[in-house]
Amino acid sequence: MSLEPQLDPLTAAANMAEMEPPYTQQQARVEASRCLNCFDAPCITACPTGIDIPGFIKKIEHAKDEAAGRTILEANILGASCARVCPTDVLCEGACVLNARDEKPIEIGRLQRHATDFLYDRGIRPFSAPTEKSGKRVALVGSGPASLGCAAELALLGHEAVVFEKSEQPGGLNTYGIAYYKMPPAISLQEVDLIRSLGVEFRCGVEVGNDPTLAQLREEFDAVFLGVGLGQTRALGIPGEELEGVVDALSFIQSFHAGPLHETPVGRQVVVLGCGNTAIDAVTQAKRLGAESATIVYRRTPREMSAYYFEYELAMGDGCDFAFEATPVEILGDGKGGIRALRCRRTRPAEGGGVETVPDSDFELPCDMVIEALGQEKQQEWLASVLPGLELDRAGRVIIDPASGQTTLAGVYCGGDAVNGGKEVVNAVADGRKAARGMHSAFTGEQVSGPVQASRHGVAGEPSGSGYWEPVRVPERARAKAGL
Amino acid sequence: MADLSTHFAGIESPNPFWVASGPPSNTAYQCHRAFEAGWGGVVWKTIGDPIVNVSSRYSAHNVNGQRMVGFNNIELISDRSPETNLREIKECADRWPEHAVIASLMTDTRENWHDLVKRSADAGAKGIELNFGCPHGMCERGMGSAVGQNPDVAETLVSWVMEAAEIPVIVKLTPNITDVTAAARAARRGGADAISLINTINSITQVDLDRLVPEPYVGGQSAHGGYCGPAVKPIALNMVQSCAADEDVRLPISGIGGIGTWRDAAEFLALGASSLQVCTAIMHYGFRIVEEMKEGLSDYLDSKGMATVGELVGKAAPTVNSWENLDLHYKRIAAIDYDKCIGCNLCYIACEDGAHQAIDLVAPGDRGNGPGRIEGKPIPEIVEEECVGCNLCSLVCPVDDCITMVDVETGKEELTWKQYGELLEQGKIDPIPAHP
Ligand SMILES: Cc1cc2nc3c(=O)[nH]c(=O)nc-3n(C[C@H](O)[C@H](O)[C@H](O)COP(=O)(O)OP(=O)(O)OC[C@H]3O[C@@H](n4cnc5c(N)ncnc54)[C@H](O)[C@@H]3O)c2cc1C
Ligand SMILES: Cc1cc2nc3c(=O)[nH]c(=O)nc-3n(C[C@H](O)[C@H](O)[C@H](O)COP(=O)(O)O)c2cc1C
Ligand code: SF4
Ligand code: SF4
Ligand code: SF4
């Protein structure tokens with residue numbers, strides 16, 4: 001039996017609507033007035049793009065929303081997305097000094113959304129590219145956050161940027177991968193429009209590899225940026241994976257980002273394999289799209305989950321179930337090509353830190369849909385074939401010069417998930433901007449840095465938010481050590 | 001429980017908290033509500049020839065989201081007739097015999113003063129307050145602050161009032177004057193029984209930047225208004241203490257200006273006030289605030305082992321000295337409690353840009369990372385040799401008791417500026433080198 005959509009359009013839309021309502025003007029001002037306006041603020045240090053957070057917050061407080069929005073986009077061209085999708089608990093808000101005064105940190109994400117919405121709602125384009133061009137041309141492979149960050153910065157520095165994207169829609173995972181209730185694709189697409197308005201050219205539906213080849217791009221352009229992200233979802237390799245109703249998480253999530261929500265086929269009893277943030281996104285969205293039950297099966301305990309705790313809490317709040325210390329063994333068919341159940345085996349901690357299965361502990365979890373969320377593969381083979389000589393580290397990540405973003409191949413730069421193995425949108429944007437500046441100094445011999453931030457004026461040493469070091473707040477580290 | 005009952009220049013009241021002359025003391029209805037809520041006295045809204053008010057009348061100075069940190073008004077004295085006001089005063093005085101109902105008066109000629117003073121006493125008022133302070137409207141007619149700013153005129157008017165007064169007379173002073181003690185001395189010379197201060201301060205609180213007209217807006221125009229509320233407390237305290245310390249004044253003082261909490265009240269008392277008046281705080285929150293003020297003051301007196309309000313009055317006034325008598329050799333410096341520091345660096349930037357560059361941002365070292373600082377991120381450190389003990393960092397630090405100012409033993413004897421000057425003149429001391 002093939003899977004059916006479960007909800008009518010209105011219910012589907014309501015379930016998947018953005019969870020956090022925007023601030024009213026007064027809410028924003030009141031929240032902004034709580035900010036202490038720290039000097040060389042920890043929240044800035046914790047932001048990979050180094051947004052002048054107290055700077056923009058004080059502008060909101062003094063009714064300068066447009067200027068606040070500009071401050072944000074100057075540092076992070078995807079500021080509107082990041083306002084919604086950043087795991088702020090572990091970034092800026094986690095670093096806010098008010099945590100240490102045992103108060104709620106400033107809601108930096110929501111304030112950022114308030115300011116960037118102000119621009120987009122009114123169609124304000126805060127920047128324009130210089131009219132005098134350098135004549136340098138850069139090809140960007142992929143149109144995810146890394147390439148977007150790079151292309152915008154290139155355009156603002158007077159260079160020409162051409163983005164090649166194999167999908168029909170630009171934006172990468174930011175357009176089709178983010179949990180819908182955090183951000184609908186339209187937000188990502190309006191950011192692409194802003195970048196397009198700076199003169200960046202987008203060629204969608206063009207897969208770089210065979211036509212054009214990377215060699216051709218390197219020939220035709222002055223530099224190439226690889227913003228190709230990661231590859232396919234890893235397969236599990238158990239019997240039954242070929243059955244109808246087995247999907248990988250990315251395809252499932254992508255399906256309703258491209259088509260209408262209420263036409264998304266969903267099982268009645270959904271099982272999700274894995275326990276990272278993608279697994280959580282899959283299980284909550286399956287539930288919100290009408291599954292009667294949605295269960296995560298995970299080998300270990302909540303303590304080892306790689307998903308952020310707040311994501312886990314969200315899934316719990318949505319009524320999702322968790323089968324911890326169990327591992328899938330076989331997907332059982334219903335005899336008609338579909339799925340009847342997932343056979344699982346109990347696991348327990350093994351000596352030496354791993355897990356082992358418990359003999360004779362098999363049980364069946366009835367289900368009609370299995371979503372595999374075991375993480376994305378690295379693209380070692382593809383990269384090796386299209387760019388001979390490109391060096392990767394042992395984990396399959398592209399090696400770059402941390403200052404310029406250049407790979408081991410001259411004129412080839414890289415950033416985002418392909419370099420960091422899969423982090424957040426904000427890391428990718430920061431990487432992209434860094435590479436653009438690296439190219440700029442290769443082209444012109446000039447060094448560029450970000451705008452001088454009023455709230456850091458006069459700080460000696462490295463600008464913060466450069467991505468050189470990753471701040472970890474002490475309590476978090478302590479908690480991690482204590483195994484919580 | 002300390003005894004809060006108050007004996008002020010012959011006026012008795014169950015506690016020192018009086019409603020100041022203003023909108024909250026406009027009617028008998030409000031007076032009843034005030035006494036029911038627990039106020040000890042009510043100074044009636046100033047009575048005189050009825051006036052006509054404008055619309056609008058008030059404006060505010062808001063700070064960091066906090067409303068009405070300062071407040072101003074362009075209202076005049078009572079817009080009700082003396083007959084109505086005096087009838088209602090009688091009604092209240094009869095119903096609340098233990099409480100202080102005080103008539104605030106403003107008029108011009110000797111006859112008119114005599115008339116109003118007598119009628120107030122007949123109505124049962126326990127005292128009279130002369131409004132020599134209103135900074136707008138009335139002064140343009142030669143009353144209010146026009147009187148208060150001219151000590152000779154004030155003295156004459158007080159003496160007229162004293163000719164007819166059989167109940168205690170309080171003179172309410174304006175702060176819109178260079179030396180408030182000059183006005184206080186004039187009140188004394190005229191024979192007044194007490195003074196009260198401060199009335200409101202000339203002000204413009206804000207300009208509407210769309211219309212480019214200040215607030216309060218009256219048909220395209222505005223006017224200077226009287227400023228009051230929390231923001232004026234420091235000015236009022238200064239003036240109360242100045243009058244309390246002045247040998248030629250020696251009159252009981254009713255303290256007014258920005259009082260809203262028991263702490264404010266205790267500070268006014270400590271600097272020499274012996275009754276307290278409140279207007280803006282009531283306009284903001286209502287009469288109920290007196291509850292907290294009475295309780296807080298009583299607890300405070302208990303904690304100090306003081307049985308009556310009188311024991312606190314003026315306690316801190318003698319410590320306010322002239323600058324030349326301060327010890328130049330006393331030294332304190334800032335100290336940071338790293339267990340409390342949250343890493344906002346506000347102390348650093350304040351001292352760096354606004355004081356003496358006596359705080360460095362340094363590697364945390366063995367001071368750890370405090371409760372919230374990012375690991376490895378530089379932390380503030382006081383450079384003790386550079387610190388002049390100005391207090392700035394401890395004032396900006398957003399964490400209670402995180403930066404404290406600690407006394408430093410200099411081993412030097414007390415040396416005041418005055419002594420220094422004398423010793424220098426006598427050649428008995430080397431000049432203190434100028435700060436580099
Ligand atoms: C399910 C899911 C949920 C996520 N949720 C969040 C979140 O809530 N918050 C957050 O901050 N981050 C989230 N992330 C992570 C975030 O999406 C990524 O870190 C970020 O998008 C990485 O950007 P990128 O530009 O490196 O790669 P991608 O966004 O993956 O973009 C790569 C682009 O390159 C294109 N491409 C690849 N190869 C070629 C080629 N040969 N020719 C042409 N085009 C090509 C791809 O089609 C794609 O559009 C999530 C990720 C996933 C998978
Ligand atoms: C709207 C308003 C009207 C006032 N009217 C009078 C008045 O008629 N007579 C008077 O003596 N003082 C008047 N005052 C001054 C107050 O009595 C008081 O002196 C001043 O507001 C400072 O005290 P506060 O900070 O507690 O308000 C008025 C104040 C306000 C705000
Ligand atoms: S750390 Fe918090 S309080 Fe300080 S500037 Fe950042 S948001 Fe404001
Ligand atoms: S007391 Fe003044 S001089 Fe000393 S460290 Fe603080 S701000 Fe600087
Ligand atoms: S102001 Fe206080 S909390 Fe902030 S850095 Fe200085 S000592 Fe620490």
# chains A, B, ... in the order shown; residues from 1 in each chain; ligands from 1
call {"tool": "select_by_dssp", "arguments": {"residues": "stretch 26-76 of chain B", "states": "strand (DSSP E or B)", "output": "PDB file with C-alpha atoms, in the first residue's frame"}}
result
ATOM      1  CA  GLY B  41      -1.449  64.022  56.031  1.00  0.00           C
ATOM      2  CA  VAL B  42      -2.740  65.761  52.948  1.00  0.00           C
ATOM      3  CA  VAL B  43      -1.539  69.133  51.712  1.00  0.00           C
ATOM      4  CA  ILE B  47      -6.224  77.251  46.735  1.00  0.00           C
ATOM      5  CA  TYR B  58       1.895  66.542  31.489  1.00  0.00           C
ATOM      6  CA  SER B  59       4.971  65.085  29.896  1.00  0.00           C
ATOM      7  CA  ALA B  60       7.588  62.559  30.975  1.00  0.00           C
ATOM      8  CA  HIS B  61      11.240  61.695  30.741  1.00  0.00           C
ATOM      9  CA  ASN B  62      11.543  57.944  30.176  1.00  0.00           C
ATOM     10  CA  VAL B  63      14.870  56.160  30.530  1.00  0.00           C
ATOM     11  CA  GLN B  66      11.416  52.906  32.517  1.00  0.00           C
ATOM     12  CA  ARG B  67       8.504  55.306  32.360  1.00  0.00           C
ATOM     13  CA  MET B  68       8.293  58.593  34.181  1.00  0.00           C
ATOM     14  CA  VAL B  69      11.761  58.664  35.631  1.00  0.00           C
ATOM     15  CA  GLY B  70      11.086  62.358  35.415  1.00  0.00           C
ATOM     16  CA  PHE B  71       7.700  64.020  35.043  1.00  0.00           C
ATOM     17  CA  ASN B  72       6.634  67.549  34.271  1.00  0.00           C
ATOM     18  CA  ASN B  73       3.454  69.574  34.222  1.00  0.00           C
TER      19      ASN B  73
END
call {"tool": "residues_around", "arguments": {"residues": "stretch 349-352 of chain A", "least_positions_apart": "2", "cutoff": "12 Å", "atoms": "only C-alpha atoms", "output": "MDAnalysis selection string"}}
result
chainID A and resid 299:301 304 324:326 346:347 354:358
call {"tool": "write_last_selection", "arguments": {"atoms": "N, CA, C and O atoms", "output": "PDB file, in the first residue's frame"}}
result
ATOM      1  N   ARG A 299      20.345   3.724  19.126  1.00  0.00           N
ATOM      2  CA  ARG A 299      21.133   2.685  19.798  1.00  0.00           C
ATOM      3  C   ARG A 299      21.483   3.009  21.238  1.00  0.00           C
ATOM      4  O   ARG A 299      21.724   2.141  22.046  1.00  0.00           O
ATOM      5  N   ARG A 300      21.605   4.291  21.512  1.00  0.00           N
ATOM      6  CA  ARG A 300      22.130   4.664  22.824  1.00  0.00           C
ATOM      7  C   ARG A 300      21.065   5.361  23.655  1.00  0.00           C
ATOM      8  O   ARG A 300      19.880   5.242  23.371  1.00  0.00           O
ATOM      9  N   THR A 301      21.497   6.121  24.627  1.00  0.00           N
ATOM     10  CA  THR A 301      20.565   6.765  25.558  1.00  0.00           C
ATOM     11  C   THR A 301      20.498   8.264  25.229  1.00  0.00           C
ATOM     12  O   THR A 301      21.308   8.761  24.453  1.00  0.00           O
ATOM     13  N   GLU A 304      23.707  10.408  24.947  1.00  0.00           N
ATOM     14  CA  GLU A 304      24.671  10.369  23.835  1.00  0.00           C
ATOM     15  C   GLU A 304      24.134  11.001  22.554  1.00  0.00           C
ATOM     16  O   GLU A 304      24.864  11.120  21.573  1.00  0.00           O
ATOM     17  N   PHE A 324      14.936   4.156  22.925  1.00  0.00           N
ATOM     18  CA  PHE A 324      16.380   4.218  23.141  1.00  0.00           C
ATOM     19  C   PHE A 324      16.934   2.813  23.340  1.00  0.00           C
ATOM     20  O   PHE A 324      16.216   1.884  23.666  1.00  0.00           O
ATOM     21  N   GLU A 325      18.229   2.685  23.167  1.00  0.00           N
ATOM     22  CA  GLU A 325      18.935   1.413  23.338  1.00  0.00           C
ATOM     23  C   GLU A 325      18.275   0.302  22.535  1.00  0.00           C
ATOM     24  O   GLU A 325      17.951  -0.766  23.047  1.00  0.00           O
ATOM     25  N   ALA A 326      18.045   0.624  21.270  1.00  0.00           N
ATOM     26  CA  ALA A 326      17.512  -0.386  20.351  1.00  0.00           C
ATOM     27  C   ALA A 326      18.125  -0.124  18.987  1.00  0.00           C
ATOM     28  O   ALA A 326      18.384   1.025  18.637  1.00  0.00           O
ATOM     29  N   ARG A 346      17.495  -5.044  21.201  1.00  0.00           N
ATOM     30  CA  ARG A 346      17.943  -4.228  22.344  1.00  0.00           C
ATOM     31  C   ARG A 346      19.464  -4.081  22.333  1.00  0.00           C
ATOM     32  O   ARG A 346      20.174  -5.005  21.922  1.00  0.00           O
ATOM     33  N   THR A 347      19.929  -2.922  22.810  1.00  0.00           N
ATOM     34  CA  THR A 347      21.378  -2.737  22.953  1.00  0.00           C
ATOM     35  C   THR A 347      21.677  -2.336  24.392  1.00  0.00           C
ATOM     36  O   THR A 347      20.780  -1.986  25.152  1.00  0.00           O
ATOM     37  N   GLY A 354      31.589   1.373  23.684  1.00  0.00           N
ATOM     38  CA  GLY A 354      30.641   1.189  22.591  1.00  0.00           C
ATOM     39  C   GLY A 354      29.309   0.650  23.101  1.00  0.00           C
ATOM     40  O   GLY A 354      29.005   0.731  24.282  1.00  0.00           O
ATOM     41  N   VAL A 355      28.521   0.165  22.160  1.00  0.00           N
ATOM     42  CA  VAL A 355      27.303  -0.542  22.566  1.00  0.00           C
ATOM     43  C   VAL A 355      27.346  -1.933  21.968  1.00  0.00           C
ATOM     44  O   VAL A 355      27.982  -2.170  20.941  1.00  0.00           O
ATOM     45  N   GLU A 356      26.652  -2.841  22.622  1.00  0.00           N
ATOM     46  CA  GLU A 356      26.543  -4.191  22.061  1.00  0.00           C
ATOM     47  C   GLU A 356      25.080  -4.581  22.088  1.00  0.00           C
ATOM     48  O   GLU A 356      24.290  -4.034  22.854  1.00  0.00           O
ATOM     49  N   THR A 357      24.720  -5.525  21.206  1.00  0.00           N
ATOM     50  CA  THR A 357      23.328  -5.954  21.202  1.00  0.00           C
ATOM     51  C   THR A 357      23.121  -7.003  22.284  1.00  0.00           C
ATOM     52  O   THR A 357      24.039  -7.714  22.684  1.00  0.00           O
ATOM     53  N   VAL A 358      21.889  -7.055  22.743  1.00  0.00           N
ATOM     54  CA  VAL A 358      21.544  -8.023  23.786  1.00  0.00           C
ATOM     55  C   VAL A 358      20.974  -9.249  23.081  1.00  0.00           C
ATOM     56  O   VAL A 358      20.050  -9.119  22.277  1.00  0.00           O
TER      57      VAL A 358
END
call {"tool": "interface_residues", "arguments": {"of": "chain A", "to": "chain B", "cutoff": "9 Å", "atoms": "only C-alpha atoms", "output": "list in words"}}
result
Arg29, Val30, Ser33, Arg34, Leu36, Asn37, Cys38, Phe39, Asp40, Ala41, Pro42, Thr45, Ala46, Glu61, Ala95, Cys96, Val97, Leu98, Asn99, Ala100, Arg101, Pro471, Val472, Arg473, Val474 and Pro475 of chain A
call {"tool": "closest_atom_pairs", "arguments": {"of": "chain A", "to": "ligand 1", "cutoff": "6 Å", "atoms": "only C-alpha atoms and all ligand atoms", "output": "CSV"}}
result
residue,atom,partner,partner_atom_place_in_ligand_line,distance
A:Val85,CA,ligand 1,9 (N),4.1
A:Cys86,CA,ligand 1,11 (O),4.4
A:Val141,CA,ligand 1,43 (C),5.2
A:Gly142,CA,ligand 1,34 (O),3.1
A:Ser143,CA,ligand 1,33 (C),4.9
A:Gly144,CA,ligand 1,25 (O),3.3
A:Pro145,CA,ligand 1,25 (O),4.0
A:Ala146,CA,ligand 1,25 (O),3.8
A:Ser147,CA,ligand 1,25 (O),5.6
A:Phe164,CA,ligand 1,43 (C),5.2
A:Glu165,CA,ligand 1,44 (N),3.7
A:Lys166,CA,ligand 1,43 (C),4.0
A:Ser167,CA,ligand 1,47 (O),5.2
A:Gly171,CA,ligand 1,49 (O),5.8
A:Gly172,CA,ligand 1,49 (O),3.1
A:Leu173,CA,ligand 1,29 (O),3.8
A:Asn174,CA,ligand 1,21 (O),5.0
A:Gly177,CA,ligand 1,1 (C),4.7
A:Ile178,CA,ligand 1,5 (N),4.5
A:Val206,CA,ligand 1,43 (C),5.9
A:Glu207,CA,ligand 1,42 (N),3.7
A:Val208,CA,ligand 1,42 (N),3.9
A:Gly209,CA,ligand 1,41 (N),5.6
A:Gly227,CA,ligand 1,25 (O),4.9
A:Val228,CA,ligand 1,34 (O),3.8
A:Gly229,CA,ligand 1,27 (O),3.5
A:Leu230,CA,ligand 1,30 (O),5.7
A:Leu250,CA,ligand 1,1 (C),5.9
A:Thr278,CA,ligand 1,1 (C),4.3
A:Gly416,CA,ligand 1,26 (O),3.4
A:Asp417,CA,ligand 1,26 (O),3.9
A:Ala418,CA,ligand 1,26 (O),5.8
A:Gly422,CA,ligand 1,19 (O),5.2
A:Lys423,CA,ligand 1,19 (O),4.4
A:Glu424,CA,ligand 1,11 (O),3.6
A:Val425,CA,ligand 1,11 (O),3.9
A:Val426,CA,ligand 1,11 (O),5.8
A:Ala428,CA,ligand 1,23 (O),5.1
call {"tool": "write_last_selection", "arguments": {"atoms": "N, CA, C and O atoms", "output": "compact mmCIF listing (two decimals), in the first residue's frame"}}
result
# COMPACT_ATOMS: atom_id res chain seq x y z
N VAL A 85 16.94 30.07 12.18
CA VAL A 85 17.42 28.68 12.17
C VAL A 85 18.64 28.46 13.05
O VAL A 85 19.00 27.33 13.33
N CYS A 86 19.29 29.51 13.49
CA CYS A 86 20.49 29.32 14.31
C CYS A 86 20.13 28.64 15.63
O CYS A 86 19.14 28.99 16.25
N VAL A 141 30.17 26.90 -7.05
CA VAL A 141 29.48 25.62 -7.28
C VAL A 141 28.59 25.34 -6.08
O VAL A 141 29.06 25.21 -4.95
N GLY A 142 27.29 25.27 -6.37
CA GLY A 142 26.31 25.12 -5.29
C GLY A 142 25.82 26.49 -4.87
O GLY A 142 26.53 27.49 -5.01
N SER A 143 24.57 26.53 -4.37
CA SER A 143 24.00 27.83 -4.00
C SER A 143 23.52 27.82 -2.55
O SER A 143 22.60 28.53 -2.19
N GLY A 144 24.16 26.98 -1.74
CA GLY A 144 23.79 26.95 -0.32
C GLY A 144 24.36 28.18 0.39
O GLY A 144 24.96 29.07 -0.23
N PRO A 145 24.17 28.22 1.70
CA PRO A 145 24.62 29.37 2.49
C PRO A 145 26.09 29.74 2.28
O PRO A 145 26.42 30.93 2.26
N ALA A 146 26.95 28.75 2.09
CA ALA A 146 28.37 29.06 1.91
C ALA A 146 28.56 29.88 0.63
O ALA A 146 29.19 30.94 0.64
N SER A 147 27.98 29.40 -0.46
CA SER A 147 28.13 30.12 -1.73
C SER A 147 27.43 31.48 -1.67
O SER A 147 27.93 32.47 -2.20
N PHE A 164 26.40 28.29 -9.81
CA PHE A 164 25.85 27.11 -10.50
C PHE A 164 25.18 26.21 -9.48
O PHE A 164 25.78 25.82 -8.50
N GLU A 165 23.92 25.88 -9.74
CA GLU A 165 23.18 25.07 -8.78
C GLU A 165 22.47 23.95 -9.52
O GLU A 165 21.77 24.19 -10.50
N LYS A 166 22.65 22.73 -9.02
CA LYS A 166 22.03 21.61 -9.74
C LYS A 166 20.52 21.54 -9.53
O LYS A 166 19.78 21.10 -10.38
N SER A 167 20.06 21.99 -8.36
CA SER A 167 18.61 21.95 -8.12
C SER A 167 17.91 23.06 -8.89
O SER A 167 18.55 23.99 -9.37
N GLY A 171 19.62 28.12 -2.93
CA GLY A 171 19.55 28.26 -1.46
C GLY A 171 20.09 27.06 -0.71
O GLY A 171 20.31 27.13 0.49
N GLY A 172 20.26 25.92 -1.42
CA GLY A 172 20.79 24.73 -0.77
C GLY A 172 19.88 24.26 0.34
O GLY A 172 18.65 24.43 0.28
N LEU A 173 20.47 23.69 1.37
CA LEU A 173 19.67 23.14 2.47
C LEU A 173 18.86 24.23 3.16
O LEU A 173 17.87 23.95 3.81
N ASN A 174 19.31 25.46 3.04
CA ASN A 174 18.58 26.54 3.67
C ASN A 174 17.21 26.71 3.03
O ASN A 174 16.26 27.14 3.68
N GLY A 177 15.95 22.25 3.34
CA GLY A 177 16.29 21.32 4.40
C GLY A 177 15.85 21.73 5.80
O GLY A 177 15.74 20.91 6.70
N ILE A 178 15.59 23.00 5.99
CA ILE A 178 15.30 23.50 7.34
C ILE A 178 13.88 23.09 7.76
O ILE A 178 12.96 23.14 6.95
N VAL A 206 21.88 23.44 -13.22
CA VAL A 206 23.15 23.12 -13.87
C VAL A 206 24.05 22.38 -12.90
O VAL A 206 24.45 22.93 -11.87
N GLU A 207 24.31 21.13 -13.19
CA GLU A 207 25.17 20.35 -12.30
C GLU A 207 26.60 20.43 -12.80
O GLU A 207 26.91 20.04 -13.92
N VAL A 208 27.47 20.93 -11.94
CA VAL A 208 28.88 21.02 -12.31
C VAL A 208 29.51 19.64 -12.17
O VAL A 208 29.24 18.92 -11.22
N GLY A 209 30.31 19.24 -13.12
CA GLY A 209 30.95 17.91 -13.08
C GLY A 209 31.29 17.52 -14.49
O GLY A 209 32.45 17.55 -14.90
N GLY A 227 30.91 25.32 -2.87
CA GLY A 227 29.94 25.35 -1.75
C GLY A 227 28.99 24.20 -1.94
O GLY A 227 27.78 24.40 -2.01
N VAL A 228 29.57 23.01 -2.04
CA VAL A 228 28.78 21.85 -2.48
C VAL A 228 28.14 21.08 -1.35
O VAL A 228 27.39 20.13 -1.58
N GLY A 229 28.43 21.47 -0.10
CA GLY A 229 27.78 20.78 1.01
C GLY A 229 28.22 19.34 1.13
O GLY A 229 29.32 18.96 0.73
N LEU A 230 27.31 18.53 1.66
CA LEU A 230 27.59 17.11 1.84
C LEU A 230 26.80 16.31 0.81
O LEU A 230 26.03 16.85 0.04
N LEU A 250 16.46 13.39 4.17
CA LEU A 250 16.58 14.58 3.33
C LEU A 250 15.56 14.60 2.22
O LEU A 250 14.94 15.63 1.94
N THR A 278 18.87 16.16 12.36
CA THR A 278 18.05 15.84 11.18
C THR A 278 16.97 14.83 11.54
O THR A 278 15.83 14.93 11.10
N GLY A 416 31.81 25.93 4.22
CA GLY A 416 30.51 25.35 4.58
C GLY A 416 30.64 23.89 4.99
O GLY A 416 31.71 23.44 5.42
N ASP A 417 29.56 23.16 4.81
CA ASP A 417 29.52 21.76 5.25
C ASP A 417 30.65 20.93 4.65
O ASP A 417 31.15 20.00 5.29
N ALA A 418 31.05 21.25 3.40
CA ALA A 418 32.10 20.46 2.75
C ALA A 418 33.42 20.58 3.52
O ALA A 418 34.25 19.67 3.47
N GLY A 422 29.67 19.45 8.31
CA GLY A 422 28.24 19.56 8.62
C GLY A 422 28.00 20.32 9.90
O GLY A 422 28.00 19.74 10.98
N LYS A 423 27.88 21.62 9.79
CA LYS A 423 27.55 22.42 10.99
C LYS A 423 26.26 23.17 10.69
O LYS A 423 25.28 22.57 10.30
N GLU A 424 26.31 24.49 10.88
CA GLU A 424 25.09 25.26 10.78
C GLU A 424 25.17 26.21 9.60
O GLU A 424 26.25 26.47 9.06
N VAL A 425 24.03 26.79 9.27
CA VAL A 425 23.96 27.78 8.21
C VAL A 425 24.95 28.92 8.48
O VAL A 425 25.70 29.34 7.60
N VAL A 426 24.98 29.38 9.72
CA VAL A 426 25.79 30.55 10.05
C VAL A 426 27.28 30.27 9.83
O VAL A 426 28.03 31.15 9.40
N ALA A 428 28.48 28.29 7.59
CA ALA A 428 28.68 28.29 6.14
C ALA A 428 28.76 29.72 5.60
O ALA A 428 29.63 30.04 4.78
call {"tool": "residues_around", "arguments": {"residues": "B:Ala37", "least_positions_apart": "4", "cutoff": "8 Å", "atoms": "only C-alpha atoms", "output": "NGL selection string"}}
result
:B and (33 or 287-288 or 290-291)
call {"tool": "write_last_selection", "arguments": {"atoms": "N, CA and C atoms", "output": "compact mmCIF listing (two decimals), in the first residue's frame"}}
result
# COMPACT_ATOMS: atom_id res chain seq x y z
N ARG B 33 -9.64 58.79 50.38
CA ARG B 33 -8.94 57.59 49.88
C ARG B 33 -7.49 57.56 50.40
N PHE B 287 -2.45 55.72 45.75
CA PHE B 287 -2.18 55.93 47.18
C PHE B 287 -1.60 54.69 47.87
N ARG B 288 -1.81 53.52 47.29
CA ARG B 288 -1.40 52.27 47.94
C ARG B 288 0.09 52.22 48.27
N VAL B 290 1.90 53.92 49.99
CA VAL B 290 2.31 54.33 51.33
C VAL B 290 2.52 53.11 52.23
N GLU B 291 1.83 52.05 51.92
CA GLU B 291 1.94 50.82 52.71
C GLU B 291 3.40 50.37 52.80
call {"tool": "residues_near_ligand", "arguments": {"ligand": "ligand 4", "cutoff": "8 Å", "atoms": "only C-alpha atoms and all ligand atoms", "output": "ChimeraX atom specification"}}
result
/B:333-334,347-348,350-352,354-359,382-384,386-394,405
call {"tool": "select_by_dssp", "arguments": {"residues": "stretch 267-418 of chain B", "states": "helix (DSSP H, G or I)", "output": "ChimeraX atom specification"}}
result
/B:267-270,280-285,289-303,309-311,317-319,323-325,346-354,365-367,392-396,417-418
call {"tool": "closest_residue", "arguments": {"among": "A:Ile44, A:Ile72, A:Val200, A:Ala294", "to": "ligand 3", "atoms": "only C-alpha atoms and all ligand atoms"}}
result
A:Ile44
call {"tool": "residues_around", "arguments": {"residues": "A:Ala235", "least_positions_apart": "4", "cutoff": "9 Å", "atoms": "only C-alpha atoms", "output": "ChimeraX atom specification"}}
result
/A:241,248,372-374
call {"tool": "residues_around", "arguments": {"residues": "stretch 401-408 of chain A", "least_positions_apart": "5", "cutoff": "8 Å", "atoms": "only C-alpha atoms", "output": "VMD selection string"}}
result
chain A and resid 389 to 391 413 to 415 431 434 to 435 437 to 439 468
call {"tool": "closest_residue", "arguments": {"among": "A:Leu91, A:Leu111, A:Gly79, A:Pro105", "to": "A:Gln27", "atoms": "only C-alpha atoms"}}
result
A:Leu111
call {"tool": "atom_distance", "arguments": {"atom1": "atom CA of A:Gln112", "atom2": "atom CA of A:Ala83"}}
result
5.4 Å
